[in-house]
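See below for structure-v4.json, which holds JSON, C-alpha atoms and all ligand atoms.
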[["chain", "number", "residue", "atom", "x", "y", "z"],
["T", 1, "MET", "CA", -3.19, 7.00, 19.91],
["T", 2, "ILE", "CA", -3.07, 4.41, 17.09],
["T", 3, "PRO", "CA", -5.49, 1.58, 17.94],
["T", 4, "SER", "CA", -4.21, -1.99, 17.96],
["T", 5, "VAL", "CA", -6.52, -4.70, 16.57],
["T", 6, "ASP", "CA", -6.43, -8.48, 17.11],
["T", 7, "LEU", "CA", -7.52, -9.74, 13.69],
["T", 8, "GLU", "CA", -8.67, -13.13, 14.95],
["T", 9, "ALA", "CA", -10.88, -11.40, 17.54],
["T", 10, "LEU", "CA", -12.15, -9.03, 14.86],
["T", 11, "SER", "CA", -13.07, -11.97, 12.62],
["T", 12, "ALA", "CA", -14.90, -13.56, 15.54],
["T", 13, "GLY", "CA", -16.89, -10.35, 15.97],
["T", 14, "GLU", "CA", -15.57, -9.63, 19.48],
["T", 15, "PRO", "CA", -16.88, -6.23, 20.63],
["T", 16, "ALA", "CA", -13.49, -4.87, 21.82],
["T", 17, "ALA", "CA", -11.92, -5.57, 18.43],
["T", 18, "LEU", "CA", -14.88, -4.11, 16.54],
["T", 19, "ASP", "CA", -14.70, -0.96, 18.68],
["T", 20, "ALA", "CA", -10.96, -0.58, 18.11],
["T", 21, "MET", "CA", -11.45, -0.97, 14.35],
["T", 22, "ARG", "CA", -14.27, 1.55, 14.22],
["T", 23, "ASP", "CA", -12.26, 4.06, 16.26],
["T", 24, "ALA", "CA", -9.25, 3.61, 13.96],
["T", 25, "ALA", "CA", -11.25, 3.93, 10.75],
["T", 26, "THR", "CA", -13.35, 6.92, 11.73],
["T", 27, "GLY", "CA", -10.68, 8.63, 13.83],
["T", 28, "VAL", "CA", -6.96, 8.64, 13.09],
["T", 29, "GLY", "CA", -7.35, 6.47, 9.95],
["T", 30, "PHE", "CA", -4.56, 4.08, 11.02],
["T", 31, "ALA", "CA", -4.28, 0.96, 13.19],
["T", 32, "THR", "CA", -1.81, -1.80, 13.86],
["T", 33, "VAL", "CA", -3.13, -5.34, 13.33],
["T", 34, "TYR", "CA", -1.76, -8.56, 14.86],
["T", 35, "ASN", "CA", -2.73, -12.22, 15.05],
["T", 36, "THR", "CA", -3.05, -12.69, 11.28],
["T", 37, "ALA", "CA", -2.33, -15.63, 8.97],
["T", 38, "LEU", "CA", 1.07, -14.08, 8.09],
["T", 39, "SER", "CA", 3.92, -14.87, 10.50],
["T", 40, "GLY", "CA", 6.90, -12.69, 11.34],
["T", 41, "ALA", "CA", 9.19, -15.26, 9.68],
["T", 42, "ARG", "CA", 7.18, -15.02, 6.47],
["T", 43, "VAL", "CA", 7.41, -11.22, 6.41],
["T", 44, "ARG", "CA", 11.17, -11.36, 7.12],
["T", 45, "GLU", "CA", 11.65, -13.67, 4.14],
["T", 46, "VAL", "CA", 9.78, -11.22, 1.91],
["T", 47, "ILE", "CA", 11.78, -8.25, 3.21],
["T", 48, "GLU", "CA", 15.11, -10.06, 2.68],
["T", 49, "THR", "CA", 14.02, -11.01, -0.85],
["T", 50, "TYR", "CA", 13.34, -7.38, -1.70],
["T", 51, "ARG", "CA", 16.60, -6.36, 0.00],
["T", 52, "ALA", "CA", 18.61, -8.75, -2.17],
["T", 53, "PHE", "CA", 17.11, -7.13, -5.27],
["T", 54, "PHE", "CA", 17.67, -3.56, -4.05],
["T", 55, "LYS", "CA", 21.33, -4.38, -3.30],
["T", 56, "LEU", "CA", 21.98, -5.15, -6.99],
["T", 57, "SER", "CA", 23.81, -2.45, -8.96],
["T", 58, "ASP", "CA", 21.72, 0.27, -10.58],
["T", 59, "THR", "CA", 22.81, -1.07, -13.97],
["T", 60, "LYS", "CA", 21.27, -4.46, -13.16],
["T", 61, "LYS", "CA", 18.10, -2.94, -11.71],
["T", 62, "ARG", "CA", 17.68, -0.67, -14.72],
["T", 63, "ALA", "CA", 16.90, -3.77, -16.82],
["T", 64, "TYR", "CA", 13.64, -3.96, -14.83],
["T", 65, "ASP", "CA", 12.94, -0.22, -14.73],
["T", 66, "MET", "CA", 9.20, 0.45, -14.97],
["T", 67, "ALA", "CA", 10.04, 3.57, -17.01],
["T", 68, "ARG", "CA", 10.62, 1.14, -19.90],
["T", 69, "THR", "CA", 6.95, 0.19, -19.70],
["T", 70, "GLY", "CA", 3.71, 2.11, -20.05],
["T", 71, "ALA", "CA", 2.65, 0.93, -16.61],
["T", 72, "ASN", "CA", 3.97, 0.56, -13.06],
["T", 73, "ARG", "CA", 5.43, -2.92, -12.88],
["T", 74, "GLY", "CA", 9.06, -3.47, -11.97],
["T", 75, "TRP", "CA", 11.70, -1.23, -10.41],
["T", 76, "GLY", "CA", 11.12, 2.44, -9.59],
["T", 77, "ALA", "CA", 14.43, 4.32, -9.40],
["T", 78, "PRO", "CA", 15.17, 7.01, -6.79],
["T", 79, "GLY", "CA", 13.44, 10.23, -7.83],
["T", 80, "SER", "CA", 10.91, 8.46, -10.07],
["T", 81, "GLU", "CA", 7.82, 9.22, -7.98],
["T", 82, "GLN", "CA", 6.57, 12.55, -6.67],
["T", 83, "VAL", "CA", 3.63, 12.02, -4.33],
["T", 84, "ASP", "CA", 3.45, 15.66, -3.17],
["T", 85, "PRO", "CA", 3.64, 18.38, -5.83],
["T", 86, "ASP", "CA", 5.04, 20.80, -3.20],
["T", 87, "ALA", "CA", 7.94, 18.49, -2.31],
["T", 88, "ASN", "CA", 10.77, 17.09, -4.44],
["T", 89, "PRO", "CA", 10.46, 13.59, -5.93],
["T", 90, "ASP", "CA", 10.97, 10.91, -3.24],
["T", 91, "TYR", "CA", 14.49, 9.53, -2.67],
["T", 92, "LYS", "CA", 13.20, 5.98, -1.99],
["T", 93, "GLN", "CA", 13.37, 3.22, -4.57],
["T", 94, "TYR", "CA", 10.66, 0.61, -4.91],
["T", 95, "PHE", "CA", 9.47, -2.46, -6.77],
["T", 96, "ASP", "CA", 5.82, -2.87, -7.81],
["T", 97, "SER", "CA", 3.90, -5.98, -8.82],
["T", 98, "GLY", "CA", 0.24, -6.81, -9.25],
["T", 99, "ILE", "CA", -2.32, -9.42, -10.12],
["T", 100, "GLU", "CA", -1.50, -11.93, -12.87],
["T", 101, "LEU", "CA", -4.35, -12.34, -15.31],
["T", 102, "PRO", "CA", -4.45, -15.13, -17.92],
["T", 103, "GLU", "CA", -2.67, -14.21, -21.17],
["T", 104, "VAL", "CA", -5.94, -14.06, -23.08],
["T", 105, "ASP", "CA", -7.57, -11.65, -20.62],
["T", 106, "PRO", "CA", -8.18, -8.34, -22.45],
["T", 107, "ARG", "CA", -7.75, -6.39, -19.20],
["T", 108, "ARG", "CA", -3.99, -6.99, -19.42],
["T", 109, "THR", "CA", -3.82, -4.07, -21.86],
["T", 110, "MET", "CA", -5.02, -1.73, -19.08],
["T", 111, "SER", "CA", -2.11, -0.24, -17.10],
["T", 112, "VAL", "CA", -3.78, -1.11, -13.77],
["T", 113, "TYR", "CA", -3.73, -4.82, -14.77],
["T", 114, "ALA", "CA", -0.40, -4.82, -16.62],
["T", 115, "PRO", "CA", 1.71, -8.00, -16.53],
["T", 116, "ASN", "CA", 4.51, -8.19, -13.97],
["T", 117, "PHE", "CA", 8.15, -7.46, -14.79],
["T", 118, "TRP", "CA", 10.07, -9.98, -12.66],
["T", 119, "PRO", "CA", 13.82, -9.82, -12.19],
["T", 120, "ALA", "CA", 15.89, -12.96, -12.79],
["T", 121, "ASN", "CA", 17.87, -12.17, -9.62],
["T", 122, "PRO", "CA", 17.52, -13.13, -6.81],
["T", 123, "ASP", "CA", 16.27, -16.37, -8.36],
["T", 124, "GLN", "CA", 13.47, -16.93, -5.81],
["T", 125, "PHE", "CA", 12.15, -13.37, -6.21],
["T", 126, "ALA", "CA", 9.04, -14.01, -8.32],
["T", 127, "LYS", "CA", 8.13, -17.13, -6.34],
["T", 128, "VAL", "CA", 8.41, -15.50, -2.89],
["T", 129, "ILE", "CA", 6.71, -12.23, -3.85],
["T", 130, "ARG", "CA", 3.87, -13.91, -5.77],
["T", 131, "ALA", "CA", 3.06, -16.21, -2.86],
["T", 132, "TYR", "CA", 3.08, -13.30, -0.41],
["T", 133, "TYR", "CA", 0.86, -11.28, -2.74],
["T", 134, "ASP", "CA", -1.73, -14.07, -2.72],
["T", 135, "ASP", "CA", -1.68, -14.58, 1.06],
["T", 136, "ALA", "CA", -1.61, -10.87, 1.93],
["T", 137, "ARG", "CA", -4.75, -10.32, -0.17],
["T", 138, "VAL", "CA", -6.59, -12.87, 1.95],
["T", 139, "VAL", "CA", -5.56, -11.02, 5.12],
["T", 140, "ALA", "CA", -6.50, -7.65, 3.61],
["T", 141, "LEU", "CA", -9.97, -8.92, 2.70],
["T", 142, "GLU", "CA", -10.39, -10.22, 6.24],
["T", 143, "VAL", "CA", -9.50, -6.75, 7.58],
["T", 144, "LEU", "CA", -12.09, -5.20, 5.24],
["T", 145, "ARG", "CA", -14.74, -7.64, 6.43],
["T", 146, "GLY", "CA", -14.00, -6.65, 10.00],
["T", 147, "LEU", "CA", -14.12, -2.97, 9.09],
["T", 148, "SER", "CA", -17.43, -3.48, 7.37],
["T", 149, "GLU", "CA", -18.96, -5.09, 10.43],
["T", 150, "ALA", "CA", -17.38, -2.45, 12.67],
["T", 151, "VAL", "CA", -19.16, 0.36, 10.81],
["T", 152, "GLY", "CA", -22.50, -1.45, 10.84],
["T", 153, "ALA", "CA", -22.52, -2.88, 7.30],
["T", 154, "PRO", "CA", -22.77, -6.57, 6.34],
["T", 155, "ARG", "CA", -19.44, -8.38, 6.75],
["T", 156, "ASP", "CA", -19.35, -9.27, 3.06],
["T", 157, "ALA", "CA", -20.26, -5.80, 1.75],
["T", 158, "PHE", "CA", -16.85, -5.41, 0.05],
["T", 159, "ASP", "CA", -16.34, -8.99, -1.15],
["T", 160, "ALA", "CA", -17.77, -8.63, -4.66],
["T", 161, "ALA", "CA", -15.63, -5.58, -5.46],
["T", 162, "PHE", "CA", -12.40, -7.48, -4.79],
["T", 163, "GLY", "CA", -12.86, -10.42, -7.19],
["T", 164, "THR", "CA", -10.17, -9.15, -9.62],
["T", 165, "PRO", "CA", -8.54, -6.45, -7.52],
["T", 166, "MET", "CA", -6.10, -3.86, -8.86],
["T", 167, "ALA", "CA", -4.12, -4.77, -5.74],
["T", 168, "LEU", "CA", -0.52, -3.56, -5.94],
["T", 169, "LEU", "CA", 2.30, -4.98, -3.83],
["T", 170, "ARG", "CA", 5.29, -2.71, -3.32],
["T", 171, "GLY", "CA", 8.67, -3.11, -1.72],
["T", 172, "ASN", "CA", 9.98, 0.29, -0.57],
["T", 173, "TYR", "CA", 13.71, 0.71, 0.02],
["T", 174, "TYR", "CA", 14.77, 3.81, 1.97],
["T", 175, "PRO", "CA", 18.53, 4.23, 2.15],
["T", 176, "LYS", "CA", 19.86, 6.26, 5.06],
["T", 177, "ARG", "CA", 18.67, 9.86, 4.59],
["T", 178, "PRO", "CA", 21.11, 11.36, 2.07],
["T", 179, "ASP", "CA", 23.51, 14.14, 3.16],
["T", 180, "TRP", "CA", 22.19, 16.40, 0.40],
["T", 181, "ALA", "CA", 18.55, 16.07, 1.55],
["T", 182, "GLY", "CA", 16.85, 19.37, 2.36],
["T", 183, "ALA", "CA", 13.47, 20.45, 3.72],
["T", 184, "LYS", "CA", 11.67, 19.33, 0.53],
["T", 185, "ASP", "CA", 13.31, 15.90, 0.36],
["T", 186, "PHE", "CA", 11.63, 12.83, 1.83],
["T", 187, "GLY", "CA", 11.86, 9.07, 1.71],
["T", 188, "ILE", "CA", 8.21, 9.44, 0.76],
["T", 189, "ALA", "CA", 6.62, 12.89, 1.01],
["T", 190, "THR", "CA", 3.23, 13.57, 2.61],
["T", 191, "HIS", "CA", 0.41, 11.79, 0.79],
["T", 192, "THR", "CA", -2.78, 9.81, 1.20],
["T", 193, "ASP", "CA", -2.98, 6.35, -0.36],
["T", 194, "TYR", "CA", -5.19, 6.11, -3.44],
["T", 195, "GLY", "CA", -7.24, 2.98, -2.86],
["T", 196, "CYS", "CA", -9.30, 1.33, -0.12],
["T", 197, "LEU", "CA", -6.99, -0.34, 2.38],
["T", 198, "THR", "CA", -3.22, -0.53, 2.75],
["T", 199, "LEU", "CA", -1.71, -3.49, 4.63],
["T", 200, "LEU", "CA", 1.87, -2.53, 5.46],
["T", 201, "ALA", "CA", 4.67, -4.75, 6.75],
["T", 202, "THR", "CA", 7.97, -3.21, 7.84],
["T", 203, "ASP", "CA", 11.37, -4.40, 8.99],
["T", 204, "GLY", "CA", 10.65, -2.88, 12.41],
["T", 205, "SER", "CA", 12.71, 0.31, 11.90],
["T", 206, "PRO", "CA", 10.97, 3.57, 12.73],
["T", 207, "GLY", "CA", 10.25, 6.12, 9.99],
["T", 208, "LEU", "CA", 6.53, 6.19, 9.24],
["T", 209, "GLU", "CA", 4.72, 9.26, 10.58],
["T", 210, "VAL", "CA", 0.96, 9.78, 10.55],
["T", 211, "ARG", "CA", -0.57, 13.25, 10.53],
["T", 212, "LYS", "CA", -2.55, 14.02, 13.65],
["T", 213, "ARG", "CA", -5.87, 15.78, 13.24],
["T", 214, "GLY", "CA", -5.16, 19.29, 14.41],
["T", 215, "GLY", "CA", -1.47, 19.07, 13.48],
["T", 216, "GLY", "CA", 1.71, 17.26, 14.40],
["T", 217, "TRP", "CA", 2.95, 13.76, 13.54],
["T", 218, "ILE", "CA", 2.55, 10.40, 15.25],
["T", 219, "PRO", "CA", 5.37, 7.88, 14.72],
["T", 220, "VAL", "CA", 4.15, 4.33, 14.00],
["T", 221, "SER", "CA", 6.27, 1.22, 13.80],
["T", 222, "ALA", "CA", 5.55, -2.47, 13.39],
["T", 223, "GLU", "CA", 7.78, -5.50, 13.82],
["T", 224, "PRO", "CA", 7.50, -8.24, 11.18],
["T", 225, "GLY", "CA", 4.30, -10.16, 11.99],
["T", 226, "THR", "CA", 2.47, -7.00, 13.05],
["T", 227, "PHE", "CA", 0.99, -4.82, 10.30],
["T", 228, "VAL", "CA", 0.10, -1.19, 9.96],
["T", 229, "ILE", "CA", -3.19, -0.64, 8.18],
["T", 230, "ASN", "CA", -4.66, 2.57, 6.83],
["T", 231, "PHE", "CA", -7.44, 3.63, 4.53],
["T", 232, "GLY", "CA", -7.18, 5.42, 1.20],
["T", 233, "GLU", "CA", -9.00, 7.94, -0.92],
["T", 234, "MET", "CA", -11.42, 5.50, -2.54],
["T", 235, "MET", "CA", -12.57, 4.25, 0.84],
["T", 236, "GLU", "CA", -13.09, 7.78, 2.13],
["T", 237, "VAL", "CA", -15.23, 8.66, -0.89],
["T", 238, "TRP", "CA", -17.06, 5.34, -0.90],
["T", 239, "THR", "CA", -18.09, 5.72, 2.76],
["T", 240, "ASP", "CA", -18.93, 9.41, 2.27],
["T", 241, "GLY", "CA", -16.19, 10.51, 4.66],
["T", 242, "LEU", "CA", -16.99, 8.09, 7.50],
["T", 243, "VAL", "CA", -13.70, 6.22, 7.03],
["T", 244, "ARG", "CA", -10.70, 8.56, 6.86],
["T", 245, "ALA", "CA", -7.77, 8.67, 4.45],
["T", 246, "THR", "CA", -5.01, 10.16, 6.58],
["T", 247, "PRO", "CA", -1.84, 11.82, 5.23],
["T", 248, "HIS", "CA", 1.47, 10.20, 6.18],
["T", 249, "ARG", "CA", 5.17, 10.39, 5.26],
["T", 250, "VAL", "CA", 8.67, 9.01, 5.83],
["T", 251, "VAL", "CA", 11.39, 11.63, 6.35],
["T", 252, "GLY", "CA", 14.11, 9.00, 6.74],
["T", 253, "GLY", "CA", 16.88, 8.61, 9.28],
["T", 254, "VAL", "CA", 20.29, 7.14, 9.97],
["T", 255, "ASN", "CA", 19.44, 3.54, 9.08],
["T", 256, "GLU", "CA", 18.18, 2.02, 5.86],
["T", 257, "ARG", "CA", 14.63, 0.74, 6.03],
["T", 258, "ILE", "CA", 12.37, -1.59, 4.04],
["T", 259, "SER", "CA", 8.59, -1.54, 4.05],
["T", 260, "VAL", "CA", 6.12, -3.64, 2.08],
["T", 261, "PRO", "CA", 2.68, -2.14, 1.48],
["T", 262, "LEU", "CA", -0.13, -4.06, -0.20],
["T", 263, "PHE", "CA", -2.40, -1.44, -1.73],
["T", 264, "PHE", "CA", -5.70, -3.28, -1.72],
["T", 265, "ASN", "CA", -7.58, -1.61, -4.58],
["T", 266, "PRO", "CA", -10.88, -3.03, -5.88],
["T", 267, "ALA", "CA", -11.65, -4.16, -9.44],
["T", 268, "HIS", "CA", -11.39, -1.43, -12.09],
["T", 269, "ASN", "CA", -15.13, -1.28, -12.77],
["T", 270, "THR", "CA", -16.12, -0.77, -9.12],
["T", 271, "ASN", "CA", -18.22, 2.34, -8.51],
["T", 272, "VAL", "CA", -16.70, 3.92, -5.41],
["T", 273, "ALA", "CA", -19.10, 6.88, -5.30],
["T", 274, "PRO", "CA", -20.89, 7.22, -1.95],
["T", 275, "ARG", "CA", -23.44, 4.44, -1.65],
["T", 276, "GLY", "CA", -26.91, 5.67, -2.48],
["T", 277, "SER", "CA", -25.63, 8.68, -4.44],
["T", 278, "GLU", "CA", -26.29, 9.18, -8.16],
["T", 279, "LYS", "CA", -22.62, 9.68, -8.97],
["T", 280, "VAL", "CA", -20.32, 7.24, -10.71],
["T", 281, "ILE", "CA", -16.65, 7.22, -9.73],
["T", 282, "LEU", "CA", -14.85, 4.29, -11.28],
["T", 283, "ALA", "CA", -12.02, 2.84, -9.23],
["T", 284, "GLY", "CA", -9.90, 2.17, -12.34],
["T", 285, "GLU", "CA", -10.17, 5.78, -13.49],
["T", 286, "HIS", "CA", -9.29, 7.18, -10.07],
["T", 287, "LEU", "CA", -6.28, 4.90, -9.74],
["T", 288, "ALA", "CA", -4.98, 5.52, -13.28],
["T", 289, "ALA", "CA", -5.36, 9.29, -12.74],
["T", 290, "ARG", "CA", -3.38, 9.20, -9.47],
["T", 291, "PHE", "CA", -0.67, 7.00, -11.05],
["T", 292, "GLY", "CA", -0.48, 9.52, -13.90],
["T", 293, "GLU", "CA", 0.03, 12.39, -11.45],
["T", 294, "THR", "CA", 2.71, 10.80, -9.32],
["T", 295, "TYR", "CA", 4.90, 8.46, -11.42],
["T", 296, "LEU", "CA", 7.24, 10.72, -13.38],
["T", 297, "HIS", "CA", 7.40, 8.34, -16.38],
["T", 298, "LEU", "CA", 3.59, 8.32, -16.65],
["T", 299, "LYS", "CA", 3.18, 12.11, -16.37],
["T", 300, "LYS", "CA", 1.41, 13.58, -19.37],
["X", 401, "LIG", "O1", 7.27, 3.03, 4.37],
["X", 401, "LIG", "C1", 6.27, 3.28, 5.02],
["X", 401, "LIG", "O2", 6.18, 3.06, 6.22],
["X", 401, "LIG", "C2", 5.08, 3.93, 4.35],
["X", 401, "LIG", "C3", 5.09, 3.82, 2.86],
["X", 401, "LIG", "C4", 3.91, 4.49, 2.22],
["X", 401, "LIG", "O3", 3.26, 5.32, 2.79],
["X", 401, "LIG", "C5", 3.54, 4.12, 0.85],
["X", 401, "LIG", "O4", 4.29, 3.38, 0.19],
["X", 401, "LIG", "O5", 2.45, 4.57, 0.41],
["X", 402, "FE", "FE", 1.34, 5.59, 1.83]]

As structure tokens, how would this structure be written, given the file I've shared?
Amino acid sequence: MIPSVDLEALSAGEPAALDAMRDAATGVGFATVYNTALSGARVREVIETYRAFFKLSDTKKRAYDMARTGANRGWGAPGSEQVDPDANPDYKQYFDSGIELPEVDPRRTMSVYAPNFWPANPDQFAKVIRAYYDDARVVALEVLRGLSEAVGAPRDAFDAAFGTPMALLRGNYYPKRPDWAGAKDFGIATHTDYGCLTLLATDGSPGLEVRKRGGGWIPVSAEPGTFVINFGEMMEVWTDGLVRATPHRVVGGVNERISVPLFFNPAHNTNVAPRGSEKVILAGEHLAARFGETYLHLKK
């Protein structure tokens, strides 16, 4: 149901891998990807680093609350994001970080390029997360190159747009589903991702569900070292609907769960309107608008 793609084979242009990627992108909108430059051990280290932060008291985490900023860098408390206006705010907590531009770069005043808000504890946090951010971007670009070839475009068609990406790395922490949770409460409610590609690592626990065309939900899980990928709104628009942005959610269960998505968004001044159309849809404007709709502290 959800295609599985060998990234090394995809990079080598092997037909079976290209077919699987094209089916995933134009069909269900999700795939799992293995054989990447990121090992299971590496992902486990990242997950345990996030876990150590999430286990701090709320008082300690509040010092890094993104609600203190005009952007989305730092800790997001439970109930601070509402991805579906028909559901309640999500009960997950999360930590967001992004690209680090030089201090003199004027783009740092834009919320989509805001400086990071690193916690002092655990002491290796910034080092581990920064390094993963850099390496995961390389893998994400390699996936996009494979996608590009799979849909008949030049392999490097996306490269230029990702020079200074608004890529956002998130650690999601889902506690066990709370006793008070009702039909409108979710770890993360049904949504589509906003950008181009999401490269998701998880601790291996189930929880993610992908909406099936025609109705129903498909559970997807991935052990550390295997990744779930999916495509977002910008990619769907950019490819004029060829590549699908598929709704997904996490209801939550009896065990806590950690997932780590890299939202691989292009540079702010990328025009993501369908190629060949007259329209202009700026990636930075789309992303800032979606952040403004879903983060409670950024709501107008
Ligand atoms: O935790 C997951 O598996 C999915 C998370 C997700 O969809 C998101 O953060 O956008
Ligand atoms: Fe998502």

- Message: If we count only C-alpha atoms and set the cut-off at 9 Å, which residues sit around T:Ala24, ignoring sequence neighbours fewer than 4 positions away in its own chain? Please answer as a list in words.
- Response: Ile2, Pro3, Ser4, Asp19, Ala20, Val28, Gly29, Phe30, Ala31, Asn230, Val243 and Arg244 of chain T

With 12 Å as the cut-off and all atoms listed in the file counted, what is the closest atom pair between each nearby residue of chain T and ligand FE 402 (chain X)? Distances in Å to one decimal, ordered by chain and number, as CSV.
residue,atom,partner,partner_atom,distance
T:Gly29,CA,X:FE402,FE,11.9
T:Phe30,CA,X:FE402,FE,11.0
T:Val83,CA,X:FE402,FE,9.2
T:Asp84,CA,X:FE402,FE,11.4
T:Arg170,CA,X:FE402,FE,10.5
T:Gly171,CA,X:FE402,FE,11.9
T:Asn172,CA,X:FE402,FE,10.4
T:Gly187,CA,X:FE402,FE,11.1
T:Ile188,CA,X:FE402,FE,7.9
T:Ala189,CA,X:FE402,FE,9.0
T:Thr190,CA,X:FE402,FE,8.2
T:His191,CA,X:FE402,FE,6.4
T:Thr192,CA,X:FE402,FE,5.9
T:Asp193,CA,X:FE402,FE,4.9
T:Tyr194,CA,X:FE402,FE,8.4
T:Gly195,CA,X:FE402,FE,10.1
T:Cys196,CA,X:FE402,FE,11.6
T:Leu197,CA,X:FE402,FE,10.2
T:Thr198,CA,X:FE402,FE,7.7
T:Leu199,CA,X:FE402,FE,10.0
T:Leu200,CA,X:FE402,FE,8.9
T:Ala201,CA,X:FE402,FE,11.9
T:Leu208,CA,X:FE402,FE,9.1
T:Glu209,CA,X:FE402,FE,10.1
T:Val210,CA,X:FE402,FE,9.7
T:Arg211,CA,X:FE402,FE,11.7
T:Val228,CA,X:FE402,FE,10.7
T:Ile229,CA,X:FE402,FE,10.0
T:Asn230,CA,X:FE402,FE,8.4
T:Phe231,CA,X:FE402,FE,9.4
T:Gly232,CA,X:FE402,FE,8.5
T:Glu233,CA,X:FE402,FE,11.0
T:Ala245,CA,X:FE402,FE,10.0
T:Thr246,CA,X:FE402,FE,9.2
T:Pro247,CA,X:FE402,FE,7.8
T:His248,CA,X:FE402,FE,6.3
T:Arg249,CA,X:FE402,FE,7.0
T:Val250,CA,X:FE402,FE,9.0
T:Ser259,CA,X:FE402,FE,10.4
T:Val260,CA,X:FE402,FE,10.4
T:Pro261,CA,X:FE402,FE,7.9
T:Leu262,CA,X:FE402,FE,10.0
T:Phe263,CA,X:FE402,FE,8.7
T:Phe264,CA,X:FE402,FE,11.9

- Item | Computed interatomic separation between atom CA of T:Phe227 and atom CA of T:Tyr34 (Å) |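 Taking atom CA of T:Phe227 as the start and atom CA of T:Tyr34 as the end point, the length is 6.5 Å.
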
- Note on the structure: Using only C-alpha atoms, the residue out of T:Asn255, T:Ser80, T:Thr49, T:Thr239 with shortest distance to T:Lys127 is T:Thr49

Edge lengths and centre in Å to one decimal, as AutoDock Vina command-line options, is what I'm after for the box along x, y and z that holds all listed atoms of stretch 236-251 of chain T once 4 Å is added on each side.
--center_x -3.8 --center_y 8.6 --center_z 3.3 --size_x 38.3 --size_y 14.5 --size_z 16.4

What would stretch 74-88 of chain T look like with N, CA and C atoms in place, written as a compact mmCIF listing (two decimals), in the frame of the given file?
# COMPACT_ATOMS: atom_id res chain seq x y z
N GLY T 74 7.61 -3.39 -11.95
CA GLY T 74 9.06 -3.47 -11.97
C GLY T 74 9.67 -2.46 -11.02
N TRP T 75 10.91 -2.09 -11.30
CA TRP T 75 11.70 -1.23 -10.41
C TRP T 75 11.39 0.25 -10.62
N GLY T 76 11.23 0.98 -9.54
CA GLY T 76 11.12 2.44 -9.59
C GLY T 76 12.39 3.02 -9.01
N ALA T 77 13.13 3.75 -9.82
CA ALA T 77 14.43 4.32 -9.40
C ALA T 77 14.22 5.45 -8.39
N PRO T 78 15.28 5.82 -7.65
CA PRO T 78 15.17 7.01 -6.79
C PRO T 78 14.76 8.21 -7.63
N GLY T 79 13.87 9.03 -7.10
CA GLY T 79 13.44 10.23 -7.83
C GLY T 79 12.41 9.98 -8.91
N SER T 80 11.85 8.76 -8.98
CA SER T 80 10.91 8.46 -10.07
C SER T 80 9.45 8.65 -9.66
N GLU T 81 9.21 9.01 -8.41
CA GLU T 81 7.82 9.22 -7.98
C GLU T 81 7.76 10.49 -7.14
N GLN T 82 6.75 11.29 -7.41
CA GLN T 82 6.57 12.55 -6.67
C GLN T 82 5.14 12.55 -6.14
N VAL T 83 4.99 12.18 -4.87
CA VAL T 83 3.63 12.02 -4.33
C VAL T 83 3.05 13.34 -3.85
N ASP T 84 3.92 14.34 -3.62
CA ASP T 84 3.45 15.66 -3.17
C ASP T 84 4.01 16.71 -4.12
N PRO T 85 3.14 17.40 -4.85
CA PRO T 85 3.64 18.38 -5.83
C PRO T 85 4.44 19.51 -5.19
N ASP T 86 4.28 19.74 -3.88
CA ASP T 86 5.04 20.80 -3.20
C ASP T 86 6.38 20.31 -2.65
N ALA T 87 6.65 19.05 -2.76
CA ALA T 87 7.94 18.49 -2.31
C ALA T 87 8.71 18.02 -3.54
N ASN T 88 9.99 17.67 -3.34
CA ASN T 88 10.77 17.09 -4.44
C ASN T 88 10.36 15.62 -4.61
